[in-house]
Structures are given as C-alpha cells and as structure tokens.
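Report on one structure; see the data block that follows.
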Amino acid sequence: MARWLRPLVGALLLLEGAAALSFLHHRYEELVQALFRVQSLCPYVTRIYSIGRSVEGRHLYVLEFSDYPGIHEPLEPEFKYVGNMHGNEVLGRELLLQLSEFLCEEYRRGSERVTRLIHGTRIHIMPSMNPDGYEVAAKQGPDSNGYLTGRNNANGVDLNRNFPDLNTLMYYSREISGPNHHIPLPDNWKSQVEPETLAVIQWISSYNFVLSANLHGGAVVANYPYDKSQDQRFRSHRRTVNTPTPDDKLFQKLAKTYSYAHSWMHRGWNCGDYFADGITNGASWYSLSKGMQDFNYLYTNCFEITLELSCNKFPPEEDLERQWMANREALVAFIEEVHQGIKGMVSDENNNGIAGAVISVQGISHDVTSGDMGDYFRLLLPGTYTVTASAEGYQPLTVTTTVGPAAPSLVHFQLKQEVVRKPAERKASGTRMNNKALQKKVVPRATRRGTQR
C-alpha cells in the first residue's frame with residue numbers, strides 16, 4: 001500500500017468506528033451484527049461466544065475483551081455485565097452495545113485507561129439475557145409498550161425470579177451455624193429453571209468471575225444484596241427489611257462507585273422515589289426471591305449488584321445518547337472496581353496451583369475459593385486483615401496483610417501437605433500415651449502434691 005494511503009485508511013477506519021456508535025434500538029439480528037462489527041474492528045482483543053440458547057432458539061451471545069481472548073491469565077480478574085434480563089427493560093442492552101463499541105474504539109485510539117483495563121481485566125459483556133422477551137417488547141415499540149409486555153421469557157417466566165433459592169438455605173443454615181457461601185444446589189435444580197437461567201448458571205460456574213452487574217430499568221438506583229429478606233419466609237414478599245451481607249460496607253462502596261460516576265443517580269430523587277446516595281439494599285427496597293445477584297454471591301465468588309438505569313423501561317431513541325453520556329463513565333469506573341482488595345496464588349511446596357482452596361478473612365463470614373490455576377481474588381475495603389488459606393490435605397496458613405486504596409495487594413500462599421502417619425505409627429503413639437497415663441496414675445500422692453495449685 002502506498003504511504004500516502006495509510007493515513008487516509010486509518011482515518012476512514014476511525015470514522016467507521018465512530019459511525020457505528022448509532023443511538024438506535026437494536027433488534028436481535030441488528031444486535032448480533034453490532035457485536036460482530038466490534039469484533040471485526042478489534043479482532044486481537046475481542047472474542048464472541050454463546051453460552052446457550054433462549055426458549056425460541058436465539059443465541060445468548062457474550063463479547064469478551066482481553067489481551068488474550070479466550071484465555072484466563074493467572075491473577076487477571078474476570079468481570080461481567082449482563083443486560084436485558086427483563087425483555088422490556090432495554091436501556092441496559094443498548095448501553096452495553098455502546099460500551100462495547102466505546103472500548104474497541106478507545107483501544108484503537110491508544111487510550112491509556114482503556115488499554116490498561118483491557119490488558120489487566122478479562123471483561124465479558126452479555127447485552128441480552130432475554131432476547132425472546134425483547135422481541136415481544138420491541139414489536140410494541142417505545143410509545144405503546146405495556147409495563148409488563150415482554151418482561152418474561154417465551155415461557156412466561158420472570159428470569160430474575162428463576163434462580164435456585166439459596167437464600168432460604170443460607171438463612172436456615174445460619175441458624176445452625178452453617179455456611180453463607182458456595183452453597184450447593186438442590187439435586188433437582190435443573191428441572192426448575194428456564195433455558196436462559198440454566199445457561200447463565202453453567203456460565204458463571206465455568207468462569208471465576210469476581211465482580212458483576214446486571215442492568216435493569218424502571219427506577220434509577222444501584223441495588224446491592226441481599227435482595228431477599230429473611231423475614232420473607234414468614235411475611236409478605238413486599239415487606240421491606242434491610243438485610244445486609246457480611247460484605248455490606250464493600251457492597252455499599254461498589255454501589256456508590258456507580259451512582260456517583262453517573263450523572264444524576266447519586267442525587268437520590270428519581271422516578272418519584274428517593275434513595276440516599278442513589279443506592280439501596282435490595283431487601284430494604286422490597287424483598288425478592290430467587291434473584292440473580294443473591295445467587296451470584298451465595299453460589300460463586302462473584303460480587304454482583306443490580307443497576308436500575310431509567311424511569312422509562314423502553315426509552316425513545318432520541319433519549320439514548322443522553323443516557324449513554326450519563327452512564328459511560330460509571331460503566332467504566334465500575335469495571336475498575338474489580339482491581340481492589342487482595343489477590344494471589346495458592347500453591348503447594350512444588351509451586352503447583354491448588355484449585356478450590358478456601359480463602360477466609362477474619363471478621364467477614366464469607367469465603368472465596370481459588371480457581372483452576374490456583375489464583376484467587378478477594379475484594380476488600382482498605383484496612384488490615386487476617387487471611388487464612390486452607391485446602392484439603394494441606395496445613396492451613398494464616399497471614400496478616402494491609403490493603404490500600406489503589407491496586408490490590410498481592411498475597412500468595414504456599415501450603416504444606418499434612419503429615420499422615422501410618423496406622424502402625426498411630427498405634428505405637430497411642431501405646432506410648434497409654435503408658436504415660438498409666439505411669440501418671442500410679443505416682444504416689446506425696447510426689448503429686450507439690451504440683452497441685
């Protein structure tokens with residue numbers, strides 16, 4: 001190619017990327033085209049994959065951003081955004097398409113912030129979890145769309161009331177000193193969930209996600225767990241009772257990160273409601289059973305919040321650009337929150353990674369586990385913590401570490417194998433103990449008197 005053509009081609013490519021930022025509602029085929037257009041513009045840092053299909057057979061596509069797409073790099077955290085869980089709540093769907101194009105374009109421009117983010121984070125973006133419901137809502141259009149039209153999937157099920165109810169299991173186990181993390185699924189869970197829910201559960205079981213947000217509409221607030229009140233087991237589902245997780249202060253900080261980076265969410269007054277700082281505990285707003293954000297926290301290592309982004313569930317196209325400008329910084333800033341707390345490798349004495357090691361933080365009764373390569377990520381607020389790593393067959397190891405306000409602290413654990421004595425040794429040891437006990441038993445009273453207190 002002639003030298004004088006290269007700058008022209010580069011300029012045309014930039015213009016092509018800018019033109020792609022069209023503020024329109026995208027039907028399913030248009031959404032797919034938009035994702036593949038981003039992938040074609042940024043082929044070396046993106047990948048498109050499907051986690052499954054909807055009831056009507058539409059792919060649930062995810063666009064991944066990474067400097068090594070398709071590969072988990074040790075100590076690089078996994079992040080996800082999920083939009084359009086309710087088919088008629090469409091702003092999140094369009095914002096995630098805009099975000100995808102924005103990240104690609106900024107990377108091509110050499111933006112230091114976006115380049116650092118993509119090189120240091122594996123970002124997964126699912127614009128639509130409920131493409132079937134969206135098509136129903138889109139046929140009505142933004143002007144005549146009913147409040148519930150297209151909300152559910154093609155089987156008429158609300159996907160945000162369709163995850164296994166681990167809250168009830170957790171509340172019961174708490175009463176008997178049981179766990180509130182990595183709670184096993186019921187045996188028959190697959191028969192109780194929709195295809196879209198099943199696909200998401202298998203997805204989040206396959207990736208060691210650290211931080212996540214799912215995007216909704218109908219209000220303007222950042223909502224954090226728990227969504228379900230413990231009192232819901234006995235009272236009306238509309239009862240409002242603040243129900244914090246062991247990581248309540250951290251969740252509040254995550255929610256505020258989004259609300260204060262948003263143009264007006266943090267002001268609190270929106271859609272006729274008031275939420276201080278633009279955030280709320282889910283159960284304090286209203287109790288919700290079988291929701292996705294609680295499921296993430298109770299079943300996986302992922303900390304998820306729910307973002308309600310617009311009073312109008314299906315805003316008109318002329319409002320999309322204003323909404324994008326209001327959310328753009330918040331969407332990027334929230335991804336950056338995945339880089340806080342502590343992270344490290346859990347390995348054996350030969351430096352082999354230990355998968356499934358449990359990382360416990362003293363004073364916070366919620367553990368995380370290491371991934372397949374032995375790396376772990378534990379989001380924490382700045383402070384000093386006592387942290388223990390344990391794994392079956394190994395001696396636990398406890399350290400004290402200080403977390404700063406910037407990058408996560410690196411805390412590695414090298415565990416030693418437990419010494420397993422042979423049966424003969426245990427028997428001999430037991431004999432020695434019995435002999436000592438026998439000797440102690442026959443010591444004269446006069447000799448023992450001097451040791452009494």
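Convention: chains lettered A, B, ... in structure tokens order; per-chain residue numbering from 1; ligands numbered from 1 as shown.
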Near Ile71 (chain A), within 12 Å and counting only C-alpha atoms, which residues show up once chain neighbours fewer than 2 positions away are dropped, as a short mmCIF file (atom, residue, chain, number, x, y, z; two decimals) with all heavy atoms, in the first residue's frame?
data_model
loop_
_atom_site.label_atom_id
_atom_site.label_comp_id
_atom_site.auth_asym_id
_atom_site.auth_seq_id
_atom_site.Cartn_x
_atom_site.Cartn_y
_atom_site.Cartn_z
N VAL A 45 -8.28 -8.25 20.45
CA VAL A 45 -8.61 -8.12 21.88
C VAL A 45 -10.07 -8.47 22.16
O VAL A 45 -10.58 -8.17 23.24
CB VAL A 45 -8.31 -6.69 22.40
CG1 VAL A 45 -6.80 -6.42 22.42
CG2 VAL A 45 -9.06 -5.64 21.60
N THR A 46 -10.74 -9.11 21.22
CA THR A 46 -12.14 -9.48 21.43
C THR A 46 -12.41 -10.90 20.99
O THR A 46 -11.68 -11.47 20.17
CB THR A 46 -13.11 -8.54 20.67
OG1 THR A 46 -12.82 -8.61 19.28
CG2 THR A 46 -13.00 -7.11 21.16
N ARG A 47 -13.48 -11.45 21.54
CA ARG A 47 -13.95 -12.78 21.15
C ARG A 47 -15.46 -12.81 21.39
O ARG A 47 -15.95 -12.26 22.37
CB ARG A 47 -13.28 -13.87 21.99
CG ARG A 47 -13.80 -15.29 21.74
CD ARG A 47 -13.04 -16.32 22.57
NE ARG A 47 -13.36 -16.27 23.98
CZ ARG A 47 -14.05 -17.18 24.66
NH1 ARG A 47 -14.51 -18.26 24.02
NH2 ARG A 47 -14.28 -17.07 25.96
N GLU A 64 -16.27 -10.73 24.60
CA GLU A 64 -15.17 -10.70 25.57
C GLU A 64 -14.08 -9.73 25.11
O GLU A 64 -13.72 -9.71 23.94
CB GLU A 64 -14.57 -12.11 25.73
CG GLU A 64 -13.33 -12.16 26.60
CD GLU A 64 -12.61 -13.49 26.53
OE1 GLU A 64 -13.26 -14.50 26.19
OE2 GLU A 64 -11.37 -13.53 26.77
N PHE A 65 -13.58 -8.94 26.06
CA PHE A 65 -12.41 -8.08 25.83
C PHE A 65 -11.26 -8.59 26.69
O PHE A 65 -11.41 -8.76 27.90
CB PHE A 65 -12.71 -6.63 26.21
CG PHE A 65 -13.51 -5.87 25.19
CD1 PHE A 65 -14.89 -5.87 25.24
CD2 PHE A 65 -12.88 -5.14 24.19
CE1 PHE A 65 -15.65 -5.18 24.30
CE2 PHE A 65 -13.62 -4.44 23.24
CZ PHE A 65 -15.01 -4.45 23.31
N SER A 66 -10.11 -8.81 26.07
CA SER A 66 -8.92 -9.26 26.79
C SER A 66 -7.72 -9.16 25.86
O SER A 66 -7.88 -9.23 24.63
CB SER A 66 -9.10 -10.71 27.26
OG SER A 66 -7.89 -11.23 27.79
N ASP A 67 -6.54 -9.00 26.44
CA ASP A 67 -5.35 -9.02 25.57
C ASP A 67 -5.05 -10.43 25.09
O ASP A 67 -4.32 -10.62 24.12
CB ASP A 67 -4.14 -8.41 26.28
CG ASP A 67 -3.85 -9.03 27.64
OD1 ASP A 67 -4.73 -9.72 28.19
OD2 ASP A 67 -2.75 -8.82 28.17
N TYR A 68 -5.64 -11.44 25.74
CA TYR A 68 -5.56 -12.83 25.27
C TYR A 68 -6.97 -13.42 25.28
O TYR A 68 -7.33 -14.19 26.18
CB TYR A 68 -4.62 -13.66 26.16
CG TYR A 68 -3.17 -13.28 26.02
CD1 TYR A 68 -2.57 -12.41 26.93
CD2 TYR A 68 -2.38 -13.77 24.98
CE1 TYR A 68 -1.23 -12.04 26.81
CE2 TYR A 68 -1.05 -13.42 24.84
CZ TYR A 68 -0.48 -12.55 25.76
OH TYR A 68 0.83 -12.19 25.63
N PRO A 69 -7.79 -13.07 24.29
CA PRO A 69 -9.19 -13.53 24.29
C PRO A 69 -9.29 -15.05 24.36
O PRO A 69 -8.54 -15.77 23.69
CB PRO A 69 -9.72 -13.00 22.96
CG PRO A 69 -8.84 -11.86 22.60
CD PRO A 69 -7.48 -12.24 23.12
N GLU A 73 -5.78 -15.64 32.25
CA GLU A 73 -4.41 -15.41 32.70
C GLU A 73 -4.39 -15.38 34.22
O GLU A 73 -5.20 -14.69 34.83
CB GLU A 73 -3.88 -14.09 32.15
CG GLU A 73 -3.86 -14.01 30.63
CD GLU A 73 -3.48 -12.62 30.16
OE1 GLU A 73 -2.31 -12.22 30.34
OE2 GLU A 73 -4.37 -11.92 29.64
N PRO A 74 -3.48 -16.13 34.85
CA PRO A 74 -3.42 -16.12 36.31
C PRO A 74 -3.29 -14.69 36.84
O PRO A 74 -2.55 -13.87 36.30
CB PRO A 74 -2.16 -16.95 36.61
CG PRO A 74 -2.02 -17.84 35.43
CD PRO A 74 -2.48 -17.04 34.26
N GLU A 76 -5.38 -12.35 36.65
CA GLU A 76 -6.18 -11.36 35.92
C GLU A 76 -7.65 -11.63 36.22
O GLU A 76 -8.17 -12.69 35.86
CB GLU A 76 -5.92 -11.44 34.42
CG GLU A 76 -6.68 -10.39 33.62
CD GLU A 76 -6.29 -10.38 32.16
OE1 GLU A 76 -5.20 -9.85 31.83
OE2 GLU A 76 -7.06 -10.92 31.34
N PRO A 77 -8.34 -10.69 36.85
CA PRO A 77 -9.72 -10.96 37.27
C PRO A 77 -10.71 -11.00 36.12
O PRO A 77 -10.50 -10.37 35.08
CB PRO A 77 -10.02 -9.77 38.20
CG PRO A 77 -9.12 -8.67 37.72
CD PRO A 77 -7.86 -9.36 37.26
N GLU A 78 -11.78 -11.74 36.32
CA GLU A 78 -12.86 -11.87 35.35
C GLU A 78 -14.03 -10.98 35.79
O GLU A 78 -14.46 -11.02 36.95
CB GLU A 78 -13.33 -13.33 35.26
CG GLU A 78 -12.23 -14.35 35.04
CD GLU A 78 -12.05 -14.72 33.58
OE1 GLU A 78 -12.83 -14.25 32.75
OE2 GLU A 78 -11.11 -15.49 33.30
N THR A 121 -7.71 -6.93 32.67
CA THR A 121 -9.01 -7.46 33.06
C THR A 121 -9.59 -8.28 31.92
O THR A 121 -9.46 -7.92 30.76
CB THR A 121 -10.00 -6.32 33.37
OG1 THR A 121 -9.33 -5.26 34.03
CG2 THR A 121 -11.17 -6.82 34.21
N ARG A 122 -10.24 -9.36 32.25
CA ARG A 122 -10.98 -10.13 31.24
C ARG A 122 -12.45 -9.75 31.38
O ARG A 122 -13.11 -10.12 32.36
CB ARG A 122 -10.77 -11.63 31.44
CG ARG A 122 -11.18 -12.48 30.25
CD ARG A 122 -10.85 -13.93 30.48
NE ARG A 122 -11.27 -14.77 29.37
CZ ARG A 122 -11.43 -16.08 29.45
NH1 ARG A 122 -11.20 -16.71 30.60
NH2 ARG A 122 -11.81 -16.78 28.40
N ILE A 123 -12.96 -8.98 30.42
CA ILE A 123 -14.28 -8.37 30.50
C ILE A 123 -15.26 -9.13 29.62
O ILE A 123 -15.01 -9.32 28.42
CB ILE A 123 -14.22 -6.90 30.07
CG1 ILE A 123 -13.18 -6.13 30.90
CG2 ILE A 123 -15.58 -6.23 30.18
CD1 ILE A 123 -12.82 -4.77 30.33
N TYR A 207 -16.54 -19.86 34.77
CA TYR A 207 -15.58 -18.75 34.86
C TYR A 207 -15.54 -18.27 36.31
O TYR A 207 -16.57 -18.18 36.97
CB TYR A 207 -16.01 -17.58 33.97
CG TYR A 207 -15.94 -17.86 32.49
CD1 TYR A 207 -16.97 -18.55 31.85
CD2 TYR A 207 -14.87 -17.43 31.72
CE1 TYR A 207 -16.93 -18.81 30.49
CE2 TYR A 207 -14.81 -17.68 30.36
CZ TYR A 207 -15.85 -18.37 29.75
OH TYR A 207 -15.80 -18.62 28.40
N MET A 373 -6.37 -22.58 38.26
CA MET A 373 -4.91 -22.41 38.24
C MET A 373 -4.34 -22.10 39.62
O MET A 373 -3.13 -21.93 39.76
CB MET A 373 -4.52 -21.31 37.26
CG MET A 373 -4.86 -21.62 35.82
SD MET A 373 -4.29 -20.31 34.71
CE MET A 373 -4.75 -21.01 33.12
#
Find the residues around Trp324 (chain A) up to 12 Å (only C-alpha atoms counted), leave out those fewer than 2 positions away in its own chain, and share them as number ranges by chain.
A: 21-24, 91-99, 101-102, 262-263, 309-310, 315, 317-322, 326-332
For the selection you just gave me, I'd like the residues written to a file as a PDB file, in the first residue's frame, keeping C-alpha atoms.
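See out01.pdb below for the written result:
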ATOM      1  CA  LEU A  21     -21.951   4.485  17.576  1.00  0.00           C
ATOM      2  CA  SER A  22     -25.531   4.888  16.380  1.00  0.00           C
ATOM      3  CA  PHE A  23     -28.137   5.577  19.025  1.00  0.00           C
ATOM      4  CA  LEU A  24     -30.827   3.188  17.835  1.00  0.00           C
ATOM      5  CA  LEU A  91     -31.661   0.618  28.086  1.00  0.00           C
ATOM      6  CA  GLY A  92     -29.036  -1.732  29.540  1.00  0.00           C
ATOM      7  CA  ARG A  93     -28.985  -3.671  26.260  1.00  0.00           C
ATOM      8  CA  GLU A  94     -28.238  -0.519  24.257  1.00  0.00           C
ATOM      9  CA  LEU A  95     -25.725   0.799  26.806  1.00  0.00           C
ATOM     10  CA  LEU A  96     -23.739  -2.449  26.671  1.00  0.00           C
ATOM     11  CA  LEU A  97     -23.599  -2.272  22.878  1.00  0.00           C
ATOM     12  CA  GLN A  98     -22.394   1.314  23.175  1.00  0.00           C
ATOM     13  CA  LEU A  99     -19.842   0.289  25.815  1.00  0.00           C
ATOM     14  CA  GLU A 101     -18.012  -0.068  20.678  1.00  0.00           C
ATOM     15  CA  PHE A 102     -16.524   2.538  23.024  1.00  0.00           C
ATOM     16  CA  HIS A 262     -23.489   8.537  36.976  1.00  0.00           C
ATOM     17  CA  SER A 263     -24.723  11.977  36.001  1.00  0.00           C
ATOM     18  CA  LEU A 309     -30.925   2.834  34.978  1.00  0.00           C
ATOM     19  CA  SER A 310     -34.041   4.613  33.720  1.00  0.00           C
ATOM     20  CA  PRO A 315     -36.896   4.925  26.338  1.00  0.00           C
ATOM     21  CA  GLU A 317     -34.312   6.559  20.585  1.00  0.00           C
ATOM     22  CA  GLU A 318     -33.877  10.317  20.957  1.00  0.00           C
ATOM     23  CA  ASP A 319     -33.076   9.748  24.663  1.00  0.00           C
ATOM     24  CA  LEU A 320     -30.414   7.074  24.104  1.00  0.00           C
ATOM     25  CA  GLU A 321     -27.487   9.431  23.530  1.00  0.00           C
ATOM     26  CA  ARG A 322     -28.235  11.390  26.711  1.00  0.00           C
ATOM     27  CA  ALA A 326     -24.888   9.771  31.729  1.00  0.00           C
ATOM     28  CA  ASN A 327     -23.720   6.163  32.156  1.00  0.00           C
ATOM     29  CA  ARG A 328     -20.452   5.989  30.180  1.00  0.00           C
ATOM     30  CA  GLU A 329     -18.073   6.950  32.986  1.00  0.00           C
ATOM     31  CA  ALA A 330     -19.987   4.865  35.525  1.00  0.00           C
ATOM     32  CA  LEU A 331     -19.803   1.744  33.346  1.00  0.00           C
ATOM     33  CA  VAL A 332     -16.023   2.054  33.033  1.00  0.00           C
TER      34      VAL A 332
END
Could you pull out the residues in region 214-368 of chain A that DSSP calls strand (DSSP E) from the backbone, as a PDB file with C-alpha atoms, in the first residue's frame?
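What landed in states.pdb:
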ATOM      1  CA  ASN A 214     -26.885  -6.744  35.782  1.00  0.00           C
ATOM      2  CA  LEU A 215     -28.699  -3.854  34.115  1.00  0.00           C
ATOM      3  CA  HIS A 216     -32.408  -3.163  34.550  1.00  0.00           C
ATOM      4  CA  ALA A 219     -36.032   3.108  38.509  1.00  0.00           C
ATOM      5  CA  VAL A 220     -32.676   4.861  38.900  1.00  0.00           C
ATOM      6  CA  VAL A 221     -30.677   3.290  41.726  1.00  0.00           C
ATOM      7  CA  ALA A 222     -27.764   0.912  42.390  1.00  0.00           C
ATOM      8  CA  ASN A 223     -29.176  -2.058  44.300  1.00  0.00           C
ATOM      9  CA  TYR A 224     -26.944  -4.437  46.278  1.00  0.00           C
ATOM     10  CA  TRP A 269     -34.571  11.763  43.772  1.00  0.00           C
ATOM     11  CA  ASN A 270     -35.552   9.842  40.643  1.00  0.00           C
ATOM     12  CA  ASP A 273     -38.517   7.658  44.643  1.00  0.00           C
ATOM     13  CA  TYR A 274     -35.716   8.759  46.959  1.00  0.00           C
ATOM     14  CA  ILE A 279     -28.113   3.219  46.372  1.00  0.00           C
ATOM     15  CA  THR A 280     -30.238   0.723  48.285  1.00  0.00           C
ATOM     16  CA  ASN A 281     -30.077  -2.654  49.910  1.00  0.00           C
ATOM     17  CA  PHE A 303     -19.976  -9.955  43.876  1.00  0.00           C
ATOM     18  CA  GLU A 304     -22.916  -8.677  41.814  1.00  0.00           C
ATOM     19  CA  ILE A 305     -25.114  -5.598  42.053  1.00  0.00           C
ATOM     20  CA  THR A 306     -28.266  -4.648  40.126  1.00  0.00           C
ATOM     21  CA  LEU A 307     -28.332  -1.338  38.270  1.00  0.00           C
ATOM     22  CA  GLU A 308     -31.724   0.276  37.665  1.00  0.00           C
ATOM     23  CA  LEU A 309     -30.925   2.834  34.978  1.00  0.00           C
ATOM     24  CA  SER A 310     -34.041   4.613  33.720  1.00  0.00           C
ATOM     25  CA  ILE A 342      -6.167  -8.859  47.703  1.00  0.00           C
ATOM     26  CA  LYS A 343      -5.259 -11.480  45.147  1.00  0.00           C
ATOM     27  CA  GLY A 344      -2.609 -14.129  44.811  1.00  0.00           C
ATOM     28  CA  MET A 345      -1.675 -17.730  44.134  1.00  0.00           C
ATOM     29  CA  VAL A 346      -2.332 -20.711  46.355  1.00  0.00           C
ATOM     30  CA  SER A 347       0.247 -23.384  45.603  1.00  0.00           C
ATOM     31  CA  VAL A 358     -10.669 -21.613  50.626  1.00  0.00           C
ATOM     32  CA  ILE A 359      -9.669 -18.028  51.412  1.00  0.00           C
ATOM     33  CA  SER A 360     -11.144 -16.812  54.710  1.00  0.00           C
ATOM     34  CA  VAL A 361     -10.951 -13.288  56.100  1.00  0.00           C
ATOM     35  CA  ILE A 364     -16.091 -11.451  57.476  1.00  0.00           C
ATOM     36  CA  SER A 365     -18.056 -14.686  57.356  1.00  0.00           C
ATOM     37  CA  HIS A 366     -17.973 -15.106  53.600  1.00  0.00           C
ATOM     38  CA  ASP A 367     -15.206 -17.078  51.891  1.00  0.00           C
ATOM     39  CA  VAL A 368     -13.945 -17.254  48.319  1.00  0.00           C
TER      40      VAL A 368
END
Give the helix (DSSP H, G or I) residues of region 6-193 of chain A, as DSSP finds them on the backbone, and put them as a PyMOL selection string.
chain A and resi 6-20+28-41+91-109+112-120+131-144+159-161+166-175+189-192
Within 7 Å of Phe209 (chain A), counting only C-alpha atoms, which residues qualify if same-chain residues fewer than 5 places away don't, as a PyMOL selection string?
chain A and resi 78-79+204+301-302
Generate the output file for the selected residues, all heavy atoms, as a PDB file, in the first residue's frame.
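Produced file result19.pdb, reproduced below:
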ATOM      1  N   GLU A  78     -11.781 -11.740  36.325  1.00  0.00           N
ATOM      2  CA  GLU A  78     -12.858 -11.870  35.345  1.00  0.00           C
ATOM      3  C   GLU A  78     -14.032 -10.978  35.788  1.00  0.00           C
ATOM      4  O   GLU A  78     -14.455 -11.023  36.948  1.00  0.00           O
ATOM      5  CB  GLU A  78     -13.334 -13.330  35.261  1.00  0.00           C
ATOM      6  CG  GLU A  78     -12.233 -14.354  35.041  1.00  0.00           C
ATOM      7  CD  GLU A  78     -12.047 -14.717  33.582  1.00  0.00           C
ATOM      8  OE1 GLU A  78     -12.827 -14.249  32.749  1.00  0.00           O
ATOM      9  OE2 GLU A  78     -11.106 -15.494  33.297  1.00  0.00           O
ATOM     10  N   PHE A  79     -14.558 -10.204  34.858  1.00  0.00           N
ATOM     11  CA  PHE A  79     -15.652  -9.272  35.127  1.00  0.00           C
ATOM     12  C   PHE A  79     -16.766  -9.519  34.119  1.00  0.00           C
ATOM     13  O   PHE A  79     -16.495  -9.883  32.967  1.00  0.00           O
ATOM     14  CB  PHE A  79     -15.147  -7.830  35.002  1.00  0.00           C
ATOM     15  CG  PHE A  79     -16.228  -6.790  35.158  1.00  0.00           C
ATOM     16  CD1 PHE A  79     -16.461  -6.196  36.384  1.00  0.00           C
ATOM     17  CD2 PHE A  79     -17.016  -6.413  34.079  1.00  0.00           C
ATOM     18  CE1 PHE A  79     -17.464  -5.251  36.545  1.00  0.00           C
ATOM     19  CE2 PHE A  79     -18.025  -5.469  34.223  1.00  0.00           C
ATOM     20  CZ  PHE A  79     -18.250  -4.894  35.457  1.00  0.00           C
ATOM     21  N   ILE A 204     -21.563 -19.015  34.774  1.00  0.00           N
ATOM     22  CA  ILE A 204     -20.863 -18.481  35.944  1.00  0.00           C
ATOM     23  C   ILE A 204     -20.190 -19.589  36.747  1.00  0.00           C
ATOM     24  O   ILE A 204     -19.349 -19.299  37.614  1.00  0.00           O
ATOM     25  CB  ILE A 204     -21.802 -17.643  36.832  1.00  0.00           C
ATOM     26  CG1 ILE A 204     -22.911 -18.493  37.432  1.00  0.00           C
ATOM     27  CG2 ILE A 204     -22.387 -16.484  36.036  1.00  0.00           C
ATOM     28  CD1 ILE A 204     -23.848 -17.704  38.341  1.00  0.00           C
ATOM     29  N   ASN A 301     -17.892 -17.011  43.531  1.00  0.00           N
ATOM     30  CA  ASN A 301     -17.018 -15.992  44.111  1.00  0.00           C
ATOM     31  C   ASN A 301     -17.402 -14.580  43.684  1.00  0.00           C
ATOM     32  O   ASN A 301     -16.722 -13.623  44.046  1.00  0.00           O
ATOM     33  CB  ASN A 301     -15.568 -16.246  43.681  1.00  0.00           C
ATOM     34  CG  ASN A 301     -14.997 -17.516  44.294  1.00  0.00           C
ATOM     35  OD1 ASN A 301     -15.287 -17.850  45.431  1.00  0.00           O
ATOM     36  ND2 ASN A 301     -14.169 -18.223  43.529  1.00  0.00           N
ATOM     37  N   CYS A 302     -18.454 -14.442  42.902  1.00  0.00           N
ATOM     38  CA  CYS A 302     -18.763 -13.174  42.249  1.00  0.00           C
ATOM     39  C   CYS A 302     -19.620 -12.260  43.123  1.00  0.00           C
ATOM     40  O   CYS A 302     -20.618 -12.682  43.693  1.00  0.00           O
ATOM     41  CB  CYS A 302     -19.485 -13.448  40.922  1.00  0.00           C
ATOM     42  SG  CYS A 302     -19.671 -11.977  39.902  1.00  0.00           S
TER      43      CYS A 302
END
So, with only C-alpha atoms as the atoms that count, which of A:Asn88, A:Gln293, A:Ser229, A:Thr384 lies closest to Thr400 (chain A)?
A:Thr384
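You can rank A:Ser40, A:Ser128, A:Thr300, A:Ser370 by their closest distance to Val62 (chain A) using only C-alpha atoms, and at the top of that list sits A:Ser128.
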Please determine, counting only C-alpha atoms, which residue among A:Thr388, A:Thr401, A:Gln192, A:Asn351 has the shortest atom-to-atom distance to Thr369 (chain A).
A:Thr388
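Counting from CA of Ala261 (chain A), the distance to CA of Tyr226 (chain A) is 22.9 Å.
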